[in-house]
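K.L.:
You'll find run_35.cif just under this line, and it carries mmCIF, C-alpha atoms and all ligand atoms.
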```
data_run
loop_
_atom_site.group_PDB
_atom_site.id
_atom_site.type_symbol
_atom_site.label_atom_id
_atom_site.label_comp_id
_atom_site.auth_asym_id
_atom_site.auth_seq_id
_atom_site.Cartn_x
_atom_site.Cartn_y
_atom_site.Cartn_z
ATOM 1 C CA MET D 1172 65.731 71.496 107.022
ATOM 2 C CA GLY D 1173 62.299 71.991 105.327
ATOM 3 C CA MET D 1174 59.452 71.076 107.666
ATOM 4 C CA GLN D 1175 61.594 71.098 110.776
ATOM 5 C CA TRP D 1176 62.691 74.660 110.055
ATOM 6 C CA LEU D 1177 59.083 75.697 109.518
ATOM 7 C CA ALA D 1178 57.951 74.057 112.750
ATOM 8 C CA ILE D 1179 60.623 75.793 114.786
ATOM 9 C CA THR D 1180 59.784 79.117 113.204
ATOM 10 C CA PHE D 1181 56.073 78.782 113.921
ATOM 11 C CA LEU D 1182 56.614 77.716 117.518
ATOM 12 C CA ALA D 1183 59.102 80.424 118.314
ATOM 13 C CA LEU D 1184 57.680 83.347 116.424
ATOM 14 C CA PRO D 1185 53.954 83.923 116.859
ATOM 15 C CA LEU D 1186 54.505 87.683 116.811
ATOM 16 C CA VAL D 1187 56.538 87.771 113.640
ATOM 17 C CA VAL D 1188 54.571 85.157 111.751
ATOM 18 C CA ARG D 1189 51.388 87.116 112.338
ATOM 19 C CA ALA D 1190 53.122 90.345 111.459
ATOM 20 C CA ALA D 1191 54.355 89.005 108.155
ATOM 21 C CA ALA D 1192 50.919 87.754 107.109
ATOM 22 C CA GLY D 1193 49.574 89.717 104.176
ATOM 23 C CA GLY D 1194 52.881 90.644 102.528
ATOM 24 C CA GLN D 1195 56.630 90.535 102.632
ATOM 25 C CA TRP D 1196 58.261 93.397 104.482
ATOM 26 C CA CYS D 1197 61.918 94.146 105.024
ATOM 27 C CA TYR D 1198 64.416 96.818 105.969
ATOM 28 C CA ASP D 1199 66.094 99.088 103.419
ATOM 29 C CA SER D 1200 69.391 97.292 104.108
ATOM 30 C CA GLN D 1201 67.762 94.141 102.663
ATOM 31 C CA ASP D 1202 65.906 95.714 99.765
ATOM 32 C CA PRO D 1203 64.661 99.325 99.511
ATOM 33 C CA GLU D 1204 61.661 98.014 97.527
ATOM 34 C CA CYS D 1205 60.098 96.495 100.655
ATOM 35 C CA GLY D 1206 61.645 98.825 103.270
ATOM 36 C CA PRO D 1207 59.806 100.890 105.915
ATOM 37 C CA SER D 1208 58.496 103.521 103.470
ATOM 38 C CA HIS D 1209 56.573 100.739 101.686
ATOM 39 C CA TRP D 1210 55.083 99.059 104.752
ATOM 40 C CA LYS D 1211 51.844 101.064 104.559
ATOM 41 C CA GLU D 1212 51.219 99.539 101.131
ATOM 42 C CA LEU D 1213 51.234 96.091 102.760
ATOM 43 C CA LYS D 1214 49.356 97.130 105.878
ATOM 44 C CA ALA D 1215 47.428 100.409 106.064
ATOM 45 C CA THR D 1216 47.962 100.605 109.835
ATOM 46 C CA CYS D 1217 51.659 101.317 109.189
ATOM 47 C CA GLY D 1218 50.512 104.691 107.808
ATOM 48 C CA GLY D 1219 48.422 105.467 110.918
ATOM 49 C CA ASP D 1220 48.820 108.508 113.166
ATOM 50 C CA LYS D 1221 50.026 106.685 116.319
ATOM 51 C CA GLN D 1222 53.077 104.948 114.902
ATOM 52 C CA SER D 1223 56.383 104.037 116.535
ATOM 53 C CA PRO D 1224 59.215 104.712 116.967
ATOM 54 C CA VAL D 1225 59.266 108.488 117.516
ATOM 55 C CA ASN D 1226 61.875 111.109 118.216
ATOM 56 C CA ILE D 1227 61.902 112.049 121.905
ATOM 57 C CA ASP D 1228 62.410 115.807 121.946
ATOM 58 C CA ARG D 1229 63.444 116.544 125.511
ATOM 59 C CA ARG D 1230 62.428 120.217 125.171
ATOM 60 C CA GLN D 1231 58.832 119.130 124.447
ATOM 61 C CA LEU D 1232 58.220 116.643 127.266
ATOM 62 C CA HIS D 1233 55.190 116.864 129.546
ATOM 63 C CA ARG D 1234 55.932 116.035 133.171
ATOM 64 C CA ASP D 1235 53.448 113.543 134.668
ATOM 65 C CA GLY D 1236 53.740 113.217 138.458
ATOM 66 C CA GLY D 1237 51.622 110.038 138.216
ATOM 67 C CA LEU D 1238 54.469 108.220 136.466
ATOM 68 C CA GLY D 1239 56.222 106.726 139.491
ATOM 69 C CA ASP D 1240 58.364 103.596 139.723
ATOM 70 C CA ILE D 1241 57.425 100.572 137.632
ATOM 71 C CA LEU D 1242 57.057 97.349 139.611
ATOM 72 C CA PHE D 1243 59.237 94.624 138.081
ATOM 73 C CA GLU D 1244 58.061 91.136 139.118
ATOM 74 C CA GLY D 1245 60.255 88.103 138.481
ATOM 75 C CA TYR D 1246 62.967 90.213 136.848
ATOM 76 C CA ASP D 1247 65.324 89.336 139.682
ATOM 77 C CA GLN D 1248 65.025 85.549 139.489
ATOM 78 C CA ALA D 1249 66.390 83.164 136.868
ATOM 79 C CA PRO D 1250 63.300 81.113 135.929
ATOM 80 C CA PRO D 1251 63.520 77.318 135.610
ATOM 81 C CA GLY D 1252 63.681 75.748 132.172
ATOM 82 C CA LYS D 1253 65.324 77.062 129.047
ATOM 83 C CA TRP D 1254 65.126 80.169 126.921
ATOM 84 C CA LYS D 1255 65.293 79.976 123.138
ATOM 85 C CA LEU D 1256 67.344 82.512 121.180
ATOM 86 C CA THR D 1257 66.201 82.884 117.570
ATOM 87 C CA ASN D 1258 67.273 84.656 114.390
ATOM 88 C CA ASP D 1259 63.801 85.386 113.023
ATOM 89 C CA GLY D 1260 65.097 87.009 109.841
ATOM 90 C CA HIS D 1261 64.584 90.538 111.170
ATOM 91 C CA THR D 1262 66.211 90.501 114.609
ATOM 92 C CA VAL D 1263 67.565 88.258 117.349
ATOM 93 C CA MET D 1264 64.806 87.370 119.765
ATOM 94 C CA LEU D 1265 64.821 85.742 123.188
ATOM 95 C CA SER D 1266 61.479 83.990 123.793
ATOM 96 C CA LEU D 1267 60.403 84.320 127.407
ATOM 97 C CA ALA D 1268 56.886 82.931 127.146
ATOM 98 C CA SER D 1269 57.570 79.269 126.420
ATOM 99 C CA GLU D 1270 57.780 78.347 130.101
ATOM 100 C CA LEU D 1271 55.080 78.597 132.744
ATOM 101 C CA ALA D 1272 57.586 80.653 134.721
ATOM 102 C CA SER D 1273 57.026 83.537 132.325
ATOM 103 C CA GLU D 1274 53.692 84.101 134.070
ATOM 104 C CA HIS D 1275 55.782 85.465 136.897
ATOM 105 C CA ILE D 1276 57.854 87.873 134.823
ATOM 106 C CA ALA D 1277 55.580 90.883 134.757
ATOM 107 C CA ILE D 1278 55.414 94.653 135.071
ATOM 108 C CA SER D 1279 52.788 96.962 136.584
ATOM 109 C CA GLY D 1280 52.527 100.367 138.239
ATOM 110 C CA GLY D 1281 54.333 103.380 136.814
ATOM 111 C CA GLY D 1282 51.107 104.579 135.212
ATOM 112 C CA LEU D 1283 50.728 101.342 133.195
ATOM 113 C CA PRO D 1284 47.035 100.589 132.629
ATOM 114 C CA GLY D 1285 47.204 97.102 134.150
ATOM 115 C CA ARG D 1286 49.608 94.228 134.684
ATOM 116 C CA TYR D 1287 51.616 92.914 131.748
ATOM 117 C CA ARG D 1288 53.573 89.657 131.448
ATOM 118 C CA ALA D 1289 56.790 89.317 129.455
ATOM 119 C CA LEU D 1290 56.627 87.560 126.054
ATOM 120 C CA GLN D 1291 59.983 88.161 124.403
ATOM 121 C CA LEU D 1292 62.859 90.563 124.043
ATOM 122 C CA HIS D 1293 64.766 91.567 120.925
ATOM 123 C CA PHE D 1294 67.192 94.178 119.601
ATOM 124 C CA HIS D 1295 67.553 96.793 116.862
ATOM 125 C CA TRP D 1296 71.046 97.863 115.752
ATOM 126 C CA GLY D 1297 73.007 99.644 113.029
ATOM 127 C CA SER D 1298 76.131 98.823 111.052
ATOM 128 C CA PRO D 1299 79.873 99.476 111.425
ATOM 129 C CA ALA D 1300 79.171 102.888 109.893
ATOM 130 C CA ARG D 1301 76.112 104.029 111.829
ATOM 131 C CA ASN D 1302 73.986 103.764 114.961
ATOM 132 C CA GLY D 1303 70.769 101.746 114.911
ATOM 133 C CA SER D 1304 68.315 102.583 117.688
ATOM 134 C CA GLU D 1305 64.663 103.020 116.674
ATOM 135 C CA HIS D 1306 63.676 105.806 119.066
ATOM 136 C CA THR D 1307 65.883 108.863 118.835
ATOM 137 C CA LEU D 1308 66.780 111.362 121.570
ATOM 138 C CA ASP D 1309 66.681 115.013 120.501
ATOM 139 C CA GLY D 1310 67.128 113.819 116.941
ATOM 140 C CA HIS D 1311 70.100 111.570 117.734
ATOM 141 C CA GLN D 1312 70.141 107.830 117.090
ATOM 142 C CA LEU D 1313 71.902 105.657 119.683
ATOM 143 C CA PRO D 1314 73.993 102.547 118.911
ATOM 144 C CA MET D 1315 71.364 99.899 119.744
ATOM 145 C CA GLU D 1316 67.948 99.481 121.393
ATOM 146 C CA LEU D 1317 66.484 96.629 123.461
ATOM 147 C CA HIS D 1318 62.720 96.000 123.442
ATOM 148 C CA ILE D 1319 61.054 93.817 126.073
ATOM 149 C CA VAL D 1320 57.530 93.020 124.867
ATOM 150 C CA HIS D 1321 54.777 92.400 127.440
ATOM 151 C CA ILE D 1322 51.103 91.462 126.989
ATOM 152 C CA ASN D 1323 48.254 92.755 129.159
ATOM 153 C CA VAL D 1324 47.266 89.862 131.454
ATOM 154 C CA LYS D 1325 43.613 90.606 130.587
ATOM 155 C CA TYR D 1326 44.239 89.090 127.158
ATOM 156 C CA ARG D 1327 45.083 85.475 126.401
ATOM 157 C CA THR D 1328 46.512 85.811 122.918
ATOM 158 C CA LEU D 1329 48.425 88.348 120.904
ATOM 159 C CA ALA D 1330 45.500 88.539 118.465
ATOM 160 C CA GLU D 1331 43.169 89.454 121.316
ATOM 161 C CA ALA D 1332 45.638 92.014 122.718
ATOM 162 C CA LYS D 1333 45.893 93.636 119.295
ATOM 163 C CA GLY D 1334 42.234 94.574 119.539
ATOM 164 C CA HIS D 1335 42.904 96.976 122.430
ATOM 165 C CA PRO D 1336 45.014 100.173 122.619
ATOM 166 C CA ASN D 1337 46.438 98.990 125.970
ATOM 167 C CA GLY D 1338 47.046 95.443 124.755
ATOM 168 C CA LEU D 1339 50.863 95.496 124.860
ATOM 169 C CA ALA D 1340 53.511 97.299 126.891
ATOM 170 C CA VAL D 1341 57.043 97.510 125.526
ATOM 171 C CA LEU D 1342 60.051 98.621 127.558
ATOM 172 C CA GLY D 1343 62.775 100.257 125.471
ATOM 173 C CA PHE D 1344 66.407 100.683 126.523
ATOM 174 C CA PHE D 1345 69.125 102.560 124.664
ATOM 175 C CA PHE D 1346 72.696 101.278 124.557
ATOM 176 C CA GLN D 1347 75.919 103.169 125.020
ATOM 177 C CA VAL D 1348 79.205 101.710 123.819
ATOM 178 C CA SER D 1349 81.986 101.148 126.302
ATOM 179 C CA ASP D 1350 85.542 99.850 125.961
ATOM 180 C CA THR D 1351 84.882 97.086 128.481
ATOM 181 C CA SER D 1352 82.455 94.204 127.986
ATOM 182 C CA ASN D 1353 79.165 93.996 129.859
ATOM 183 C CA THR D 1354 79.547 90.406 131.064
ATOM 184 C CA ASN D 1355 75.797 90.194 131.752
ATOM 185 C CA TYR D 1356 75.368 90.019 127.961
ATOM 186 C CA ASN D 1357 77.839 87.140 127.525
ATOM 187 C CA THR D 1358 75.150 84.437 127.281
ATOM 188 C CA ILE D 1359 73.254 86.247 124.514
ATOM 189 C CA VAL D 1360 76.379 87.361 122.647
ATOM 190 C CA ALA D 1361 77.872 83.842 122.794
ATOM 191 C CA GLY D 1362 74.588 82.461 121.406
ATOM 192 C CA LEU D 1363 74.706 84.686 118.312
ATOM 193 C CA ARG D 1364 77.221 82.507 116.485
ATOM 194 C CA ASN D 1365 74.760 79.598 116.700
ATOM 195 C CA ILE D 1366 71.966 81.550 115.016
ATOM 196 C CA SER D 1367 73.895 83.146 112.180
ATOM 197 C CA ARG D 1368 71.276 82.301 109.558
ATOM 198 C CA ALA D 1369 67.616 83.338 109.426
ATOM 199 C CA GLY D 1370 65.437 80.661 111.006
ATOM 200 C CA ASP D 1371 68.195 79.350 113.290
ATOM 201 C CA SER D 1372 67.463 79.028 116.979
ATOM 202 C CA VAL D 1373 69.347 77.745 119.992
ATOM 203 C CA ASP D 1374 68.442 76.867 123.566
ATOM 204 C CA LEU D 1375 70.561 78.947 125.913
ATOM 205 C CA ALA D 1376 72.562 76.915 128.427
ATOM 206 C CA SER D 1377 70.729 78.567 131.291
ATOM 207 C CA THR D 1378 68.216 81.276 132.033
ATOM 208 C CA PHE D 1379 69.354 84.328 133.957
ATOM 209 C CA ARG D 1380 67.929 87.270 135.835
ATOM 210 C CA LEU D 1381 66.431 89.682 133.274
ATOM 211 C CA SER D 1382 67.354 92.551 135.573
ATOM 212 C CA THR D 1383 71.028 91.936 134.744
ATOM 213 C CA LEU D 1384 70.365 93.133 131.180
ATOM 214 C CA LEU D 1385 69.038 96.480 132.432
ATOM 215 C CA PRO D 1386 70.587 99.547 134.035
ATOM 216 C CA GLY D 1387 70.756 99.411 137.854
ATOM 217 C CA ALA D 1388 67.411 99.304 139.690
ATOM 218 C CA SER D 1389 67.972 102.788 141.112
ATOM 219 C CA GLN D 1390 68.230 104.161 137.568
ATOM 220 C CA LEU D 1391 64.875 102.878 136.311
ATOM 221 C CA SER D 1392 62.779 105.719 137.755
ATOM 222 C CA GLY D 1393 63.579 108.047 134.878
ATOM 223 C CA TYR D 1394 61.609 107.220 131.738
ATOM 224 C CA TYR D 1395 59.469 108.589 128.921
ATOM 225 C CA ARG D 1396 55.942 107.362 128.157
ATOM 226 C CA TYR D 1397 53.778 107.613 125.062
ATOM 227 C CA GLN D 1398 51.109 105.682 123.160
ATOM 228 C CA GLY D 1399 52.289 104.037 119.959
ATOM 229 C CA SER D 1400 52.569 100.927 117.842
ATOM 230 C CA LEU D 1401 54.616 97.868 116.998
ATOM 231 C CA THR D 1402 57.636 99.011 114.949
ATOM 232 C CA THR D 1403 57.258 96.173 112.427
ATOM 233 C CA PRO D 1404 54.243 95.267 110.260
ATOM 234 C CA ASP D 1405 51.383 94.967 111.044
ATOM 235 C CA CYS D 1406 52.260 98.117 113.039
ATOM 236 C CA SER D 1407 49.268 97.598 115.391
ATOM 237 C CA GLU D 1408 48.631 100.750 117.438
ATOM 238 C CA VAL D 1409 48.292 98.895 120.736
ATOM 239 C CA VAL D 1410 51.543 99.645 122.554
ATOM 240 C CA VAL D 1411 52.076 101.606 125.753
ATOM 241 C CA TRP D 1412 55.733 102.605 125.296
ATOM 242 C CA THR D 1413 58.215 103.178 128.118
ATOM 243 C CA ILE D 1414 61.657 104.407 127.056
ATOM 244 C CA PHE D 1415 64.237 104.591 129.827
ATOM 245 C CA GLU D 1416 66.571 107.544 130.231
ATOM 246 C CA GLU D 1417 69.564 105.578 131.466
ATOM 247 C CA PRO D 1418 71.329 103.600 128.732
ATOM 248 C CA VAL D 1419 72.695 100.076 129.089
ATOM 249 C CA GLU D 1420 76.452 99.830 128.597
ATOM 250 C CA ILE D 1421 77.732 97.295 126.102
ATOM 251 C CA GLY D 1422 81.274 96.549 124.984
ATOM 252 C CA ARG D 1423 82.357 97.670 121.519
ATOM 253 C CA GLU D 1424 83.160 94.077 120.562
ATOM 254 C CA GLN D 1425 79.838 92.806 121.890
ATOM 255 C CA LEU D 1426 77.937 95.296 119.713
ATOM 256 C CA GLN D 1427 80.159 94.298 116.820
ATOM 257 C CA ALA D 1428 79.016 90.689 117.323
ATOM 258 C CA PHE D 1429 75.387 91.696 116.597
ATOM 259 C CA VAL D 1430 76.414 93.704 113.537
ATOM 260 C CA SER D 1431 78.697 91.081 111.990
ATOM 261 C CA THR D 1432 77.454 87.611 113.063
ATOM 262 C CA LEU D 1433 73.806 87.581 112.005
ATOM 263 C CA HIS D 1434 72.272 87.402 108.546
ATOM 264 C CA PHE D 1435 68.973 88.305 106.948
ATOM 265 C CA PRO D 1436 67.202 85.579 104.935
ATOM 266 C CA ALA D 1437 69.408 84.645 102.000
ATOM 267 C CA VAL D 1438 68.429 85.866 98.555
ATOM 268 C CA GLY D 1439 69.582 83.006 96.347
ATOM 269 C CA PRO D 1440 73.028 81.817 97.439
ATOM 270 C CA ALA D 1441 74.053 85.222 98.819
ATOM 271 C CA LEU D 1442 74.083 85.856 102.555
ATOM 272 C CA LEU D 1443 73.312 89.420 103.621
ATOM 273 C CA LYS D 1444 74.529 90.688 106.990
ATOM 274 C CA MET D 1445 71.726 91.692 109.354
ATOM 275 C CA THR D 1446 72.433 95.413 109.780
ATOM 276 C CA ASN D 1447 70.352 98.580 110.206
ATOM 277 C CA ASN D 1448 67.259 96.624 111.308
ATOM 278 C CA PHE D 1449 65.446 99.683 112.613
ATOM 279 C CA ARG D 1450 62.405 101.670 111.504
ATOM 280 C CA PRO D 1451 63.023 105.437 111.356
ATOM 281 C CA PRO D 1452 61.065 107.798 113.658
ATOM 282 C CA GLN D 1453 57.421 108.376 112.748
ATOM 283 C CA PRO D 1454 55.435 111.637 113.091
ATOM 284 C CA LEU D 1455 54.166 112.342 116.609
ATOM 285 C CA HIS D 1456 51.017 114.094 115.260
ATOM 286 C CA SER D 1457 48.816 115.100 118.210
ATOM 287 C CA ARG D 1458 50.456 112.743 120.705
ATOM 288 C CA LYS D 1459 52.413 113.854 123.744
ATOM 289 C CA VAL D 1460 55.501 112.264 125.264
ATOM 290 C CA PHE D 1461 55.406 112.296 129.062
ATOM 291 C CA ALA D 1462 58.365 112.389 131.438
ATOM 292 C CA SER D 1463 58.190 110.304 134.613
ATOM 293 C CA ARG D 1464 58.267 111.954 138.025
ATOM 294 C CA ALA D 1465 61.985 111.209 138.408
ATOM 295 C CA ALA D 1466 63.112 111.829 134.816
ATOM 296 C CA THR D 1467 65.892 114.398 134.730
ATOM 297 C CA ALA D 1468 64.869 115.835 131.375
ATOM 298 C CA SER D 1469 61.923 117.992 132.305
ATOM 299 C CA GLY D 1470 60.870 119.805 129.132
ATOM 300 C CA GLY D 1471 59.910 123.444 129.026
ATOM 301 C CA SER D 1472 56.968 123.748 131.408
ATOM 302 C CA PRO D 1473 58.679 123.528 134.849
ATOM 303 C CA ARG D 1474 60.994 126.369 133.869
ATOM 304 C CA ARG D 1475 58.005 128.571 132.988
ATOM 305 C CA GLY D 1476 56.297 127.451 136.199
ATOM 306 C CA CYS D 1477 59.246 128.624 138.240
ATOM 307 C CA CYS D 1478 59.275 132.042 136.683
ATOM 308 C CA GLN D 1479 55.545 132.470 137.262
ATOM 309 C CA LEU D 1480 56.042 131.850 140.982
ATOM 310 C CA VAL D 1481 58.838 134.340 141.455
ATOM 311 C CA THR D 1482 57.468 137.794 142.192
ATOM 312 C CA PRO D 1483 58.859 140.828 140.401
ATOM 313 C CA LEU D 1484 60.155 142.054 143.784
ATOM 314 C CA LEU D 1485 62.131 138.869 144.351
ATOM 315 C CA LEU D 1486 63.397 139.081 140.827
ATOM 316 C CA LEU D 1487 64.707 142.551 141.580
ATOM 317 C CA ALA D 1488 66.326 141.282 144.757
ATOM 318 C CA LEU D 1489 68.042 138.500 142.859
ATOM 319 C CA LEU D 1490 69.187 141.017 140.260
ATOM 320 C CA GLY D 1491 68.844 138.457 137.573
ATOM 321 C CA PRO D 1492 66.432 136.330 135.566
ATOM 322 C CA CYS D 1493 64.971 133.117 136.834
ATOM 323 C CA THR D 1494 66.843 130.279 135.275
ATOM 324 C CA ILE D 1495 66.967 126.647 136.209
ATOM 325 C CA THR D 1496 69.261 124.422 134.270
ATOM 326 C CA PRO D 1497 67.676 121.057 133.539
HETATM 327 ZN ZN ZN Q 1501 61.485 96.167 118.520
#
```
Before anything else, please render the file you have as structure tokens.
Ligand SMILES: [Zn+2]

P.N.:
Amino acid sequence: MGMQWLAITFLALPLVVRAAAGGQWCYDSQDPECGPSHWKELKATCGGDKQSPVNIDRRQLHRDGGLGDILFEGYDQAPPGKWKLTNDGHTVMLSLASELASEHIAISGGGLPGRYRALQLHFHWGSPARNGSEHTLDGHQLPMELHIVHINVKYRTLAEAKGHPNGLAVLGFFFQVSDTSNTNYNTIVAGLRNISRAGDSVDLASTFRLSTLLPGASQLSGYYRYQGSLTTPDCSEVVVWTIFEEPVEIGREQLQAFVSTLHFPAVGPALLKMTNNFRPPQPLHSRKVFASRAATASGGSPRRGCCQLVTPLLLLALLGPCTITP
């Protein structure tokens, strides 16, 4: 174990290893003494005013007509080589950056300030008793959330990207539980039993098209955008967030596999199930959450706009108030 375990961890987890530098952080489900409310004691940035996740209040959205479709490059091709699935002690992570092919998995457009290439994806989930998304919708937590982390192609390293507010772009997807399995998740779900313990990693048998993990292409036009941070220490405020309206469907038993198969780092001989690995919503402060051009949730302003355009005469003719249901 020893050195080999360390080597694997360092190779696979640049993001997490850097994040953990300067103190030991955890989730409340591991130990309330080092949970999210204590992170700012380890890293002052975690107490900043542009932190993530946030609650997305759909009555308070600001429509931005400049937020058109995001261009997904390489999402529809299975790259050559292998992908490594890792239990990093806080989540299950699929490393996408270990192959040259990852240069070709990238996003741009959709109001993103540049082109960003994919580094890794990971998940946040709850427990048998509760949901575990990080972002919330109108105050409601969803069962699980997928984050696909991308780095601005202007920057060569994560450290360099962390020096710029537009350094990273993360795509967030909510999950919705269904009675039938989402077979596109079979490769990841089957891999979980091989990475039950913190520090374990496994090469997946094959790569696959990342697009298969997402809602259908026609459903990716509706999203929310805001400026925020990493949701784990060091909580760097360098993330352009995109949260998609349309959830991904996952089978009840597949979600159960995340909740029951994986473990946090052992404390002594005791194994602790990896559950509730989410940070709760942080204050929005002066930030705004924008709705894309095609998002169905429109916030309050279009409704007011409509009423301002309707003349009193027309109102009389309609014999009723101007109402548009979102
Ligand atoms: Zn995350």

K.L.:
Identify which of the residues D:Phe1461, D:Phe1449, D:Tyr1287, D:Trp1196 lies closest to ligand ZN 1501 (chain Q), counting all atoms listed in the file when measuring atom-to-atom distances.

P.N.:
D:Phe1449

K.L.:
Of the candidates D:Trp1254, D:Trp1210, D:Phe1345, D:Phe1294, which shows the shortest atom-to-atom distance to ligand ZN 1501 (chain Q), using only C-alpha atoms and all ligand atoms?

P.N.:
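Looking only at the distances to ligand ZN 1501 (chain Q), the closest residue turns out to be D:Phe1294.
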
K.L.:
Since I can't run it myself right now, could you work out what the PyMOL selection byres (((not hetatm)) within 9 of (chain Q and resi 1501)) selects here and report it as a VMD selection string?

P.N.:
chain D and resid 1224 1262 1292 to 1295 1305 1316 to 1320 1341 1343 1401 to 1403 1449 to 1450

K.L.:
Name all residues at most 10 Å from Ser1431 in chain D (count only C-alpha atoms; drop same-chain ones fewer than 4 positions away) and give them as a PDB file with C-alpha atoms, in the frame of the given file.

P.N.:
```pdb
ATOM      1  CA  SER D1298      76.131  98.823 111.052  1.00  0.00           C
ATOM      2  CA  PRO D1299      79.873  99.476 111.425  1.00  0.00           C
ATOM      3  CA  LEU D1363      74.706  84.686 118.312  1.00  0.00           C
ATOM      4  CA  ARG D1364      77.221  82.507 116.485  1.00  0.00           C
ATOM      5  CA  SER D1367      73.895  83.146 112.180  1.00  0.00           C
ATOM      6  CA  LEU D1426      77.937  95.296 119.713  1.00  0.00           C
ATOM      7  CA  GLN D1427      80.159  94.298 116.820  1.00  0.00           C
ATOM      8  CA  LYS D1444      74.529  90.688 106.990  1.00  0.00           C
ATOM      9  CA  MET D1445      71.726  91.692 109.354  1.00  0.00           C
ATOM     10  CA  THR D1446      72.433  95.413 109.780  1.00  0.00           C
TER      11      THR D1446
END
```

K.L.:
Which residue, D:Thr1432, D:Gln1201, D:Ser1304, D:Ser1392, has the smallest gap to Phe1346 in chain D when you use only C-alpha atoms?

P.N.:
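Answer, going by the shortest atom-to-atom distance: D:Ser1304.
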
K.L.:
Rounded to one decimal, what separation in Å do you get between CA of Ala1332 in chain D and CA of Gly1218 in chain D?

P.N.:
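Separation between CA of Ala1332 in chain D and CA of Gly1218 in chain D: 20.2 Å.
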
K.L.:
Give the answer as one residue: which of D:Thr1383, D:Thr1413, D:Ser1377, D:Ser1463 has the shortest atom-to-atom distance to His1321 in chain D, using only C-alpha atoms?

P.N.:
D:Thr1413

K.L.:
Write out as a list in words the residues lying within 7 Å of Ile1322 in chain D, counting only C-alpha atoms and excluding same-chain residues fewer than 2 positions away.

P.N.:
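The residues satisfying every condition are Tyr1287, Arg1288, Ala1289, Leu1290, Val1320, Val1324, Ala1332, Gly1338, Leu1339 and Ala1340 of chain D.
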
K.L.:
Using the chain letters and numbers from the file, which residues does the PyMOL selection byres (((chain D and resi 1232) around 10) and not hetatm) grab, as an MDAnalysis selection string?

P.N.:
chainID D and resid 1227:1231 1233:1235 1395:1396 1459:1463 1468:1472

K.L.:
Using only C-alpha atoms for the distances, tell me which of D:Leu1342, D:Val1409, D:Leu1238, D:Val1419 is nearest to Gln1390 in chain D.

P.N.:
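Selected residue with least distance to Gln1390 in chain D: D:Val1419.
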
K.L.:
Skipping near chain neighbours, those fewer than 5 positions away, what residues fall within 9 Å of Gln1425 in chain D using all atoms listed in the file, listed as a list of chain:residue names?

P.N.:
D:Ser1352, D:Asn1353, D:Tyr1356, D:Asn1357, D:Val1360

K.L.:
Could you check how far CA of Gly1236 in chain D sits from CA of Ile1278 in chain D, in Å to one decimal?

P.N.:
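Straight-line distance from CA of Gly1236 in chain D to CA of Ile1278 in chain D works out to 18.9 Å.
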
K.L.:
Put the listed atoms of range 1238-1257 of chain D in a box along x, y and z with 8 Å added on every side and give me the centre and edge lengths in Å to one decimal, as AutoDock Vina command-line options.

P.N.:
```
--center_x 60.9 --center_y 92.0 --center_z 128.6 --size_x 28.9 --size_y 48.5 --size_z 38.2
```

K.L.:
If I take CA of Leu1385 in chain D and CA of Thr1358 in chain D, how far is one from the other in Å, to one decimal?

P.N.:
14.5 Å

K.L.:
Give me the result of the PyMOL selection byres (((chain D and resi 1214) around 9) and not hetatm) on this file, residue by residue, as a ChimeraX atom specification.

P.N.:
/D:1193-1194,1210-1213,1215-1218,1404-1406

K.L.:
From the list D:Pro1418, D:Gly1370, D:Gly1237, D:Gly1297, which residue is nearest Phe1435 in chain D when using all atoms listed in the file?

P.N.:
D:Gly1370

K.L.:
Can you tell me, as JSON, numbers by chain, what residues are no more than 10 Å from Thr1351 in chain D when counting only C-alpha atoms, ignoring any on the same chain fewer than 6 positions away?

P.N.:
{"D": [1420, 1421, 1422, 1423, 1424, 1425]}

K.L.:
Excluding Gly1260 in chain D and its own-chain neighbours fewer than 5 positions away, which residues fall within 10 Å of it when counting all atoms listed in the file? Please give them as a list in words.

P.N.:
Val1187, Cys1197, Ser1367, Arg1368, Ala1369, Gly1370, Asp1371, Leu1433, His1434, Phe1435, Pro1436, Ala1437, Met1445 and Asn1448 of chain D

K.L.:
Around the point (70.4, 75.0, 118.3) in the file's coordinates, collect all residues with an atom within 10 Å, using only C-alpha atoms, and return them as a VMD selection string.

P.N.:
chain D and resid 1255 to 1257 1362 1365 to 1366 1371 to 1375

K.L.:
As a compact mmCIF listing (two decimals), keeping the file's coordinate frame, could you write out range 1372-1377 of chain D once it has been completed with N, CA and C atoms?

P.N.:
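Written out: part.txt:
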```
# COMPACT_ATOMS: atom_id res chain seq x y z
N SER D 1372 67.71 78.71 115.57
CA SER D 1372 67.46 79.03 116.98
C SER D 1372 68.29 78.09 117.85
N VAL D 1373 68.51 78.52 119.08
CA VAL D 1373 69.35 77.74 119.99
C VAL D 1373 68.79 77.89 121.41
N ASP D 1374 68.80 76.77 122.15
CA ASP D 1374 68.44 76.87 123.57
C ASP D 1374 69.64 77.38 124.34
N LEU D 1375 69.46 78.44 125.10
CA LEU D 1375 70.56 78.95 125.91
C LEU D 1375 70.86 77.95 127.03
N ALA D 1376 72.13 77.89 127.43
CA ALA D 1376 72.56 76.92 128.43
C ALA D 1376 71.79 77.10 129.73
N SER D 1377 71.46 78.32 130.05
CA SER D 1377 70.73 78.57 131.29
C SER D 1377 69.94 79.86 131.15
```
